[in-house]
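K.L.:
Enclosed is the structure file start-v6.txt (compact mmCIF, C-alpha atoms and all ligand atoms).
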# COMPACT_ATOMS: atom_id res chain seq x y z
CA MET A 1 0.00 0.00 0.00
CA SER A 2 2.73 2.39 0.96
CA ALA A 3 5.26 3.90 -1.40
CA SER A 4 8.86 4.20 -0.28
CA ALA A 5 9.25 6.81 2.40
CA GLY A 6 12.69 7.80 1.19
CA SER A 7 16.09 7.40 2.74
CA VAL A 8 15.90 10.20 5.26
CA ASN A 9 17.48 9.64 8.67
CA LYS A 10 17.81 5.88 8.30
CA ALA A 11 20.01 5.76 11.39
CA LEU A 12 17.14 6.89 13.58
CA PRO A 13 14.33 4.55 14.60
CA VAL A 14 10.89 4.37 13.01
CA LEU A 15 7.82 4.89 15.21
CA ASP A 16 4.59 3.19 14.13
CA VAL A 17 1.72 4.87 16.00
CA GLY A 18 -1.54 2.97 16.30
CA CYS A 19 0.41 -0.02 15.03
CA GLY A 20 -2.32 -2.57 15.75
CA VAL A 21 -1.19 -6.12 15.03
CA LYS A 22 0.63 -5.24 11.78
CA LYS A 23 3.57 -3.27 13.15
CA TYR A 24 5.94 -1.95 10.47
CA PRO A 25 9.03 -4.26 10.39
CA GLY A 26 11.79 -2.94 12.64
CA ALA A 27 9.67 -0.11 14.03
CA ILE A 28 8.84 0.78 17.60
CA GLY A 29 5.10 0.24 17.88
CA LEU A 30 2.79 2.41 19.95
CA ASP A 31 -0.85 1.65 20.60
CA ARG A 32 -3.31 2.09 23.44
CA ASN A 33 -4.57 -1.46 23.02
CA THR A 34 -2.55 -4.06 24.95
CA ARG A 35 -3.61 -6.85 22.57
CA THR A 36 -1.61 -5.34 19.71
CA SER A 37 2.08 -5.70 18.74
CA ALA A 38 2.85 -2.43 20.52
CA ASP A 39 6.13 -1.99 22.37
CA VAL A 40 4.78 1.11 24.09
CA ILE A 41 1.24 1.40 25.42
CA ALA A 42 0.14 5.02 25.22
CA ASP A 43 -2.84 7.10 24.17
CA LEU A 44 -2.33 9.36 21.16
CA ASP A 45 -4.82 11.81 22.66
CA HIS A 46 -2.60 12.38 25.70
CA PHE A 47 0.35 14.70 25.19
CA PRO A 48 3.29 14.61 25.18
CA TYR A 49 3.96 11.10 23.88
CA PRO A 50 6.65 9.32 25.94
CA PHE A 51 9.65 10.12 23.70
CA GLY A 52 12.12 12.98 23.47
CA ASP A 53 12.31 15.68 20.80
CA ASP A 54 13.89 14.72 17.45
CA SER A 55 13.92 10.99 18.34
CA PHE A 56 12.69 9.46 15.08
CA GLY A 57 13.63 9.42 11.41
CA GLN A 58 10.15 8.34 10.41
CA ILE A 59 6.72 8.19 12.04
CA ARG A 60 4.06 6.02 10.48
CA ALA A 61 0.36 6.54 11.16
CA VAL A 62 -1.51 4.00 9.05
CA HIS A 63 -5.29 4.21 9.38
CA VAL A 64 -4.93 6.01 12.70
CA ILE A 65 -5.21 9.79 12.20
CA GLU A 66 -8.95 9.47 11.60
CA HIS A 67 -9.29 8.03 15.12
CA VAL A 68 -7.56 10.79 17.11
CA ALA A 69 -9.40 13.60 18.89
CA ASP A 70 -7.28 16.45 17.52
CA VAL A 71 -5.57 16.01 14.14
CA ILE A 72 -3.64 19.30 14.34
CA ARG A 73 -2.25 18.60 17.82
CA THR A 74 -1.34 15.02 16.84
CA VAL A 75 0.59 16.12 13.74
CA GLU A 76 2.31 18.79 15.86
CA GLU A 77 3.43 16.03 18.20
CA PHE A 78 4.77 14.03 15.23
CA HIS A 79 6.70 17.18 14.31
CA ARG A 80 8.24 17.39 17.79
CA LEU A 81 9.31 13.73 17.72
CA LEU A 82 10.81 13.83 14.21
CA ALA A 83 14.41 14.79 13.64
CA PRO A 84 14.94 17.61 11.14
CA GLY A 85 14.20 16.15 7.72
CA GLY A 86 12.39 13.16 9.24
CA ARG A 87 9.17 12.06 7.62
CA ALA A 88 5.63 11.43 8.77
CA VAL A 89 3.93 8.81 6.60
CA ILE A 90 0.20 9.22 7.10
CA ILE A 91 -2.37 6.95 5.47
CA THR A 92 -6.11 7.43 5.96
CA PRO A 93 -9.38 6.78 4.12
CA HIS A 94 -10.55 9.44 1.70
CA TYR A 95 -13.84 10.79 3.03
CA THR A 96 -15.74 9.49 -0.03
CA ASP A 97 -14.73 5.90 0.70
CA PHE A 98 -17.32 3.61 2.27
CA SER A 99 -15.04 2.97 5.27
CA SER A 100 -14.72 6.63 6.24
CA PHE A 101 -18.25 7.03 7.58
CA CYS A 102 -19.03 3.35 8.14
CA ASP A 103 -16.69 3.03 11.12
CA PRO A 104 -18.25 4.88 14.08
CA THR A 105 -14.83 5.19 15.77
CA HIS A 106 -13.63 7.56 13.00
CA ARG A 107 -13.65 11.12 14.27
CA SER A 108 -12.27 12.86 11.16
CA HIS A 109 -13.13 12.49 7.49
CA LEU A 110 -10.33 13.91 5.38
CA ASN A 111 -9.54 14.83 1.80
CA SER A 112 -6.17 15.00 0.08
CA PHE A 113 -5.70 18.68 1.01
CA SER A 114 -6.49 18.32 4.72
CA LEU A 115 -2.83 18.56 5.79
CA ARG A 116 -1.99 21.59 3.62
CA TYR A 117 -2.19 23.75 6.78
CA PHE A 118 1.28 22.49 7.72
CA GLY A 119 2.73 23.48 4.36
CA GLU A 120 4.80 26.47 3.38
CA ASP A 121 2.00 29.01 3.09
CA ASN A 122 -0.26 27.24 5.63
CA ALA A 123 -3.04 27.51 3.04
CA GLY A 124 -3.52 31.04 4.39
CA PHE A 125 -4.25 29.77 7.92
CA GLY A 126 -0.92 30.35 9.63
CA TYR A 127 -2.56 30.52 13.03
CA TYR A 128 -3.66 26.85 12.88
CA SER A 129 -0.19 25.58 13.78
CA GLY A 130 3.46 26.56 14.03
CA ALA A 131 4.61 23.08 12.92
CA ARG A 132 5.96 23.07 9.38
CA PHE A 133 6.33 20.23 6.91
CA VAL A 134 7.18 19.95 3.24
CA GLU A 135 4.65 17.77 1.43
CA LYS A 136 7.04 15.41 -0.38
CA TYR A 137 4.48 12.93 -1.67
CA THR A 138 0.71 12.76 -1.85
CA ASN A 139 -1.17 9.95 -3.52
CA VAL A 140 -4.83 9.09 -3.70
CA ARG A 141 -6.04 5.58 -4.40
CA LEU A 142 -9.45 5.32 -5.98
CA LEU A 143 -12.07 2.61 -5.83
CA ALA A 144 -11.03 -0.33 -8.03
CA LEU A 145 -13.43 0.45 -10.91
CA TRP A 146 -12.03 3.96 -11.35
CA ARG A 147 -8.48 2.71 -10.97
CA TYR A 148 -8.97 0.17 -13.78
CA LEU A 149 -10.43 2.88 -15.98
CA GLY A 150 -7.29 5.00 -15.52
CA PHE A 151 -8.78 7.77 -13.36
CA GLU A 152 -6.27 7.19 -10.55
CA LEU A 153 -3.36 8.13 -12.81
CA LEU A 154 -5.15 11.31 -13.83
CA VAL A 155 -6.06 12.32 -10.27
CA ASN A 156 -2.44 11.95 -9.18
CA ALA A 157 -0.94 13.48 -12.32
CA SER A 158 -0.79 16.94 -10.79
CA ARG A 159 -1.86 18.84 -7.70
CA ARG A 160 -4.09 20.97 -9.92
CA PHE A 161 -5.96 18.00 -11.33
CA ARG A 162 -6.29 16.45 -7.89
CA ARG A 163 -7.84 19.71 -6.71
CA PHE A 164 -10.26 19.66 -9.65
CA TRP A 165 -11.20 16.08 -8.76
CA GLU A 166 -11.78 17.01 -5.08
CA PHE A 167 -13.95 19.97 -6.08
CA TYR A 168 -16.04 18.50 -8.89
CA LEU A 169 -15.71 14.74 -9.33
CA CYS A 170 -15.02 12.88 -6.10
CA TYR A 171 -18.64 12.20 -5.18
CA ILE A 172 -18.90 10.10 -8.36
CA VAL A 173 -15.29 9.03 -8.98
CA ARG A 174 -14.83 8.06 -5.36
CA GLY A 175 -11.57 7.95 -3.46
CA LYS A 176 -10.35 5.14 -1.27
CA VAL A 177 -7.10 5.92 0.53
CA ILE A 178 -4.86 8.99 0.85
CA GLU A 179 -1.14 8.69 1.58
CA TRP A 180 1.07 11.63 2.55
CA HIS A 181 4.80 11.81 3.21
CA LEU A 182 5.53 15.00 5.11
CA GLU A 183 9.09 16.12 5.80
CA ALA A 184 9.59 17.94 9.09
CA VAL A 185 11.04 21.43 8.80
CA LYS A 186 12.71 22.60 11.98
CA LYS A 187 14.22 25.97 12.60
CA ALA A 188 17.93 25.92 13.33
CA VAL A 189 18.66 27.12 16.84
CA GLY A 190 20.62 30.32 16.32
CA PRO A 191 23.35 31.80 18.55
C1 LIG A 201 -7.64 0.77 12.10
S1 LIG A 201 -6.42 0.25 13.25
C2 LIG A 201 -4.93 0.35 12.25
C3 LIG A 201 -3.86 -0.55 12.76
C4 LIG A 201 -2.58 -0.61 11.91
N1 LIG A 201 -1.94 0.69 11.80
C5 LIG A 201 -2.85 -1.19 10.55
O1 LIG A 201 -2.75 -0.47 9.54
O2 LIG A 201 -3.20 -2.39 10.49
C6 LIG A 201 -6.25 1.67 14.34
C7 LIG A 201 -5.28 1.43 15.47
O3 LIG A 201 -5.08 2.67 16.15
C8 LIG A 201 -5.17 2.46 17.53
N2 LIG A 201 -5.64 3.70 18.16
C9 LIG A 201 -6.78 4.38 17.87
N3 LIG A 201 -6.88 5.46 18.65
C10 LIG A 201 -5.77 5.49 19.42
C11 LIG A 201 -5.28 6.36 20.43
N4 LIG A 201 -5.97 7.45 20.81
N5 LIG A 201 -4.12 6.09 21.02
C12 LIG A 201 -3.39 4.99 20.66
N6 LIG A 201 -3.79 4.12 19.71
C13 LIG A 201 -4.97 4.36 19.11
C14 LIG A 201 -6.14 1.31 17.70
O4 LIG A 201 -5.97 0.65 18.93
C15 LIG A 201 -5.80 0.43 16.51
O5 LIG A 201 -4.79 -0.49 16.80
Will you turn the file into structure tokens for me?
P.N.:
Amino acid sequence: MSASAGSVNKALPVLDVGCGVKKYPGAIGLDRNTRTSADVIADLDHFPYPFGDDSFGQIRAVHVIEHVADVIRTVEEFHRLLAPGGRAVIITPHYTDFSSFCDPTHRSHLNSFSLRYFGEDNAGFGYYSGARFVEKYTNVRLLALWRYLGFELLVNASRRFRRFWEFYLCYIVRGKVIEWHLEAVKKAVGP
């Protein structure tokens, strides 16, 4: 499902939050459920998470962000835990997928622009968060029918076309899963 997350900070560990029973190989798993493969039992809605600043080269949140109480605060915490240049790999249902509203434990229903508030221009909402990321990779998977018909390639061909799809087409040509790779930007501590 996931594309390569790049070769950034390979020396640092990977944290898989909400790892469930399919923890990413070699990662430190965190989950609140003791029946999972988690190495650390913690609640993503309680801050701070039990790790120091800049501890990880990669944080994976696979089908988890839609479960947390506060998406902005959670991504800010990912930012704190990532080393400069480290990446958050976030995978979540697109809000037009059946699963998004079917599961009553989902608290957020997102589209492929929902994390633009952490980008360079903050989508004009700089007061949402001080955490900054560079959006290195964004991909939307569509329902199988649309994928076979070639719509998935078109949707992902450019940010502009993806925006057009979100605005005009996605209620018919429905999405399935969004995947983002966000690179943490951290200010150098000056003298
Ligand atoms: C849909 S499962 C995904 C599991 C795994 N990432 C995967 O892709 O198979 C969501 C996971 O997130 C965990 N989770 C949900 N809310 C959480 C929270 N507030 N704190 C910690 N873990 C949470 C659940 O216990 C569950 O293991």
K.L.:
Can you work out which one of A:Ile172, A:Ala157, A:Val185, A:Ala88 has the shortest atom-to-atom distance to Gly130 (chain A), counting all atoms listed in the file?
P.N.:
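Of the candidates, the smallest distance to Gly130 (chain A) is held by A:Val185.
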K.L.:
Excluding Val71 (chain A) and its own-chain neighbours fewer than 4 positions away, which residues fall within 10 Å of it when counting all atoms listed in the file? Please give them as a VMD selection string.
P.N.:
chain A and resid 45 65 to 67 75 to 77 107 to 108 114 to 115
K.L.:
Quick one: residues within 12 Å of Leu182 (chain A), only C-alpha atoms, excluding same-chain residues fewer than 5 positions away - as a ChimeraX atom specification?
P.N.:
/A:5-6,8,57-61,75-76,78-79,82,84-91,115-120,131-138
K.L.:
Counting only C-alpha atoms and all ligand atoms, name the residues that have an atom within 10 Å of an atom of ligand LIG 201 (chain A); the answer should be given as a ChimeraX atom specification.
P.N.:
/A:1,16-24,29-38,40-46,49,60-70,74,90-92,103,105-107
K.L.:
With C-alpha atoms retained, could you export that selection as a PDB file, keeping the file's coordinate frame?
P.N.:
ATOM      1  CA  MET A   1       0.000   0.000   0.000  1.00  0.00           C
ATOM      2  CA  ASP A  16       4.590   3.190  14.130  1.00  0.00           C
ATOM      3  CA  VAL A  17       1.720   4.870  16.000  1.00  0.00           C
ATOM      4  CA  GLY A  18      -1.540   2.970  16.300  1.00  0.00           C
ATOM      5  CA  CYS A  19       0.410  -0.020  15.030  1.00  0.00           C
ATOM      6  CA  GLY A  20      -2.320  -2.570  15.750  1.00  0.00           C
ATOM      7  CA  VAL A  21      -1.190  -6.120  15.030  1.00  0.00           C
ATOM      8  CA  LYS A  22       0.630  -5.240  11.780  1.00  0.00           C
ATOM      9  CA  LYS A  23       3.570  -3.270  13.150  1.00  0.00           C
ATOM     10  CA  TYR A  24       5.940  -1.950  10.470  1.00  0.00           C
ATOM     11  CA  GLY A  29       5.100   0.240  17.880  1.00  0.00           C
ATOM     12  CA  LEU A  30       2.790   2.410  19.950  1.00  0.00           C
ATOM     13  CA  ASP A  31      -0.850   1.650  20.600  1.00  0.00           C
ATOM     14  CA  ARG A  32      -3.310   2.090  23.440  1.00  0.00           C
ATOM     15  CA  ASN A  33      -4.570  -1.460  23.020  1.00  0.00           C
ATOM     16  CA  THR A  34      -2.550  -4.060  24.950  1.00  0.00           C
ATOM     17  CA  ARG A  35      -3.610  -6.850  22.570  1.00  0.00           C
ATOM     18  CA  THR A  36      -1.610  -5.340  19.710  1.00  0.00           C
ATOM     19  CA  SER A  37       2.080  -5.700  18.740  1.00  0.00           C
ATOM     20  CA  ALA A  38       2.850  -2.430  20.520  1.00  0.00           C
ATOM     21  CA  VAL A  40       4.780   1.110  24.090  1.00  0.00           C
ATOM     22  CA  ILE A  41       1.240   1.400  25.420  1.00  0.00           C
ATOM     23  CA  ALA A  42       0.140   5.020  25.220  1.00  0.00           C
ATOM     24  CA  ASP A  43      -2.840   7.100  24.170  1.00  0.00           C
ATOM     25  CA  LEU A  44      -2.330   9.360  21.160  1.00  0.00           C
ATOM     26  CA  ASP A  45      -4.820  11.810  22.660  1.00  0.00           C
ATOM     27  CA  HIS A  46      -2.600  12.380  25.700  1.00  0.00           C
ATOM     28  CA  TYR A  49       3.960  11.100  23.880  1.00  0.00           C
ATOM     29  CA  ARG A  60       4.060   6.020  10.480  1.00  0.00           C
ATOM     30  CA  ALA A  61       0.360   6.540  11.160  1.00  0.00           C
ATOM     31  CA  VAL A  62      -1.510   4.000   9.050  1.00  0.00           C
ATOM     32  CA  HIS A  63      -5.290   4.210   9.380  1.00  0.00           C
ATOM     33  CA  VAL A  64      -4.930   6.010  12.700  1.00  0.00           C
ATOM     34  CA  ILE A  65      -5.210   9.790  12.200  1.00  0.00           C
ATOM     35  CA  GLU A  66      -8.950   9.470  11.600  1.00  0.00           C
ATOM     36  CA  HIS A  67      -9.290   8.030  15.120  1.00  0.00           C
ATOM     37  CA  VAL A  68      -7.560  10.790  17.110  1.00  0.00           C
ATOM     38  CA  ALA A  69      -9.400  13.600  18.890  1.00  0.00           C
ATOM     39  CA  ASP A  70      -7.280  16.450  17.520  1.00  0.00           C
ATOM     40  CA  THR A  74      -1.340  15.020  16.840  1.00  0.00           C
ATOM     41  CA  ILE A  90       0.200   9.220   7.100  1.00  0.00           C
ATOM     42  CA  ILE A  91      -2.370   6.950   5.470  1.00  0.00           C
ATOM     43  CA  THR A  92      -6.110   7.430   5.960  1.00  0.00           C
ATOM     44  CA  ASP A 103     -16.690   3.030  11.120  1.00  0.00           C
ATOM     45  CA  THR A 105     -14.830   5.190  15.770  1.00  0.00           C
ATOM     46  CA  HIS A 106     -13.630   7.560  13.000  1.00  0.00           C
ATOM     47  CA  ARG A 107     -13.650  11.120  14.270  1.00  0.00           C
TER      48      ARG A 107
END
K.L.:
Identify, on the basis of all atoms listed in the file, every residue whose closest approach to Ile178 (chain A) does not exceed 7 Å; exclude the query and any residue fewer than 6 positions from it along the same chain; express the result as an mmCIF file with C-alpha atoms, in the frame of the given file.
P.N.:
data_model
loop_
_atom_site.group_PDB
_atom_site.id
_atom_site.type_symbol
_atom_site.label_atom_id
_atom_site.label_comp_id
_atom_site.auth_asym_id
_atom_site.auth_seq_id
_atom_site.Cartn_x
_atom_site.Cartn_y
_atom_site.Cartn_z
ATOM 1 C CA ILE A 91 -2.370 6.950 5.470
ATOM 2 C CA THR A 92 -6.110 7.430 5.960
ATOM 3 C CA PRO A 93 -9.380 6.780 4.120
ATOM 4 C CA HIS A 94 -10.550 9.440 1.700
ATOM 5 C CA SER A 112 -6.170 15.000 0.080
ATOM 6 C CA ASN A 139 -1.170 9.950 -3.520
ATOM 7 C CA VAL A 140 -4.830 9.090 -3.700
ATOM 8 C CA ARG A 141 -6.040 5.580 -4.400
#
K.L.:
May I ask for the distance between CA of Phe151 (chain A) and CA of Lys176 (chain A), given in Å to one decimal place?
P.N.:
12.5 Å
K.L.:
So, with all atoms listed in the file as the atoms that count, which of A:Phe47, A:Pro25, A:Arg73, A:Ala83 lies closest to Ala11 (chain A)?
P.N.:
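Ranking A:Phe47, A:Pro25, A:Arg73, A:Ala83 by distance to Ala11 (chain A), first place goes to A:Ala83.
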K.L.:
Return the single residue from A:Pro50, A:Gly124, A:Gly26, A:Gly175 that is closest to Leu143 (chain A), with distances computed using all atoms listed in the file.
P.N.:
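Ranking A:Pro50, A:Gly124, A:Gly26, A:Gly175 by distance to Leu143 (chain A), first place goes to A:Gly175.
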K.L.:
What's the 12 Å shell around region 144-147 of chain A, counting only C-alpha atoms, without same-chain residues fewer than 5 positions away, as a list in words?
P.N.:
Asp97, Glu152, Leu153, Leu154, Val155, Asn156, Leu169, Cys170, Ile172, Val173, Arg174, Gly175, Lys176 and Val177 of chain A
K.L.:
Report, in Å to a single decimal, how far apart CA of Thr96 (chain A) and CA of Phe161 (chain A) are.
P.N.:
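So the answer is 17.2 Å.
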K.L.:
How far is it from CA of His181 (chain A) to CA of Cys102 (chain A), in Å with one decimal?
P.N.:
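Distance between the two atoms: 25.8 Å.
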K.L.:
Kindly provide, as JSON, the centre and edge lengths (Å, one decimal) of an axis-aligned box around all atoms of region 147-163 of chain A given in the file, with 4 Å on each side.
P.N.:
{"center_x": -5.6, "center_y": 10.6, "center_z": -11.3, "size_x": 17.6, "size_y": 28.8, "size_z": 17.3}
K.L.:
Save region 142-180 of chain A to a file: C-alpha atoms, as a compact mmCIF listing (two decimals), in the first residue's frame.
P.N.:
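What follows is the written file decode_16.txt:
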# COMPACT_ATOMS: atom_id res chain seq x y z
CA LEU A 142 -9.45 5.32 -5.98
CA LEU A 143 -12.07 2.61 -5.83
CA ALA A 144 -11.03 -0.33 -8.03
CA LEU A 145 -13.43 0.45 -10.91
CA TRP A 146 -12.03 3.96 -11.35
CA ARG A 147 -8.48 2.71 -10.97
CA TYR A 148 -8.97 0.17 -13.78
CA LEU A 149 -10.43 2.88 -15.98
CA GLY A 150 -7.29 5.00 -15.52
CA PHE A 151 -8.78 7.77 -13.36
CA GLU A 152 -6.27 7.19 -10.55
CA LEU A 153 -3.36 8.13 -12.81
CA LEU A 154 -5.15 11.31 -13.83
CA VAL A 155 -6.06 12.32 -10.27
CA ASN A 156 -2.44 11.95 -9.18
CA ALA A 157 -0.94 13.48 -12.32
CA SER A 158 -0.79 16.94 -10.79
CA ARG A 159 -1.86 18.84 -7.70
CA ARG A 160 -4.09 20.97 -9.92
CA PHE A 161 -5.96 18.00 -11.33
CA ARG A 162 -6.29 16.45 -7.89
CA ARG A 163 -7.84 19.71 -6.71
CA PHE A 164 -10.26 19.66 -9.65
CA TRP A 165 -11.20 16.08 -8.76
CA GLU A 166 -11.78 17.01 -5.08
CA PHE A 167 -13.95 19.97 -6.08
CA TYR A 168 -16.04 18.50 -8.89
CA LEU A 169 -15.71 14.74 -9.33
CA CYS A 170 -15.02 12.88 -6.10
CA TYR A 171 -18.64 12.20 -5.18
CA ILE A 172 -18.90 10.10 -8.36
CA VAL A 173 -15.29 9.03 -8.98
CA ARG A 174 -14.83 8.06 -5.36
CA GLY A 175 -11.57 7.95 -3.46
CA LYS A 176 -10.35 5.14 -1.27
CA VAL A 177 -7.10 5.92 0.53
CA ILE A 178 -4.86 8.99 0.85
CA GLU A 179 -1.14 8.69 1.58
CA TRP A 180 1.07 11.63 2.55
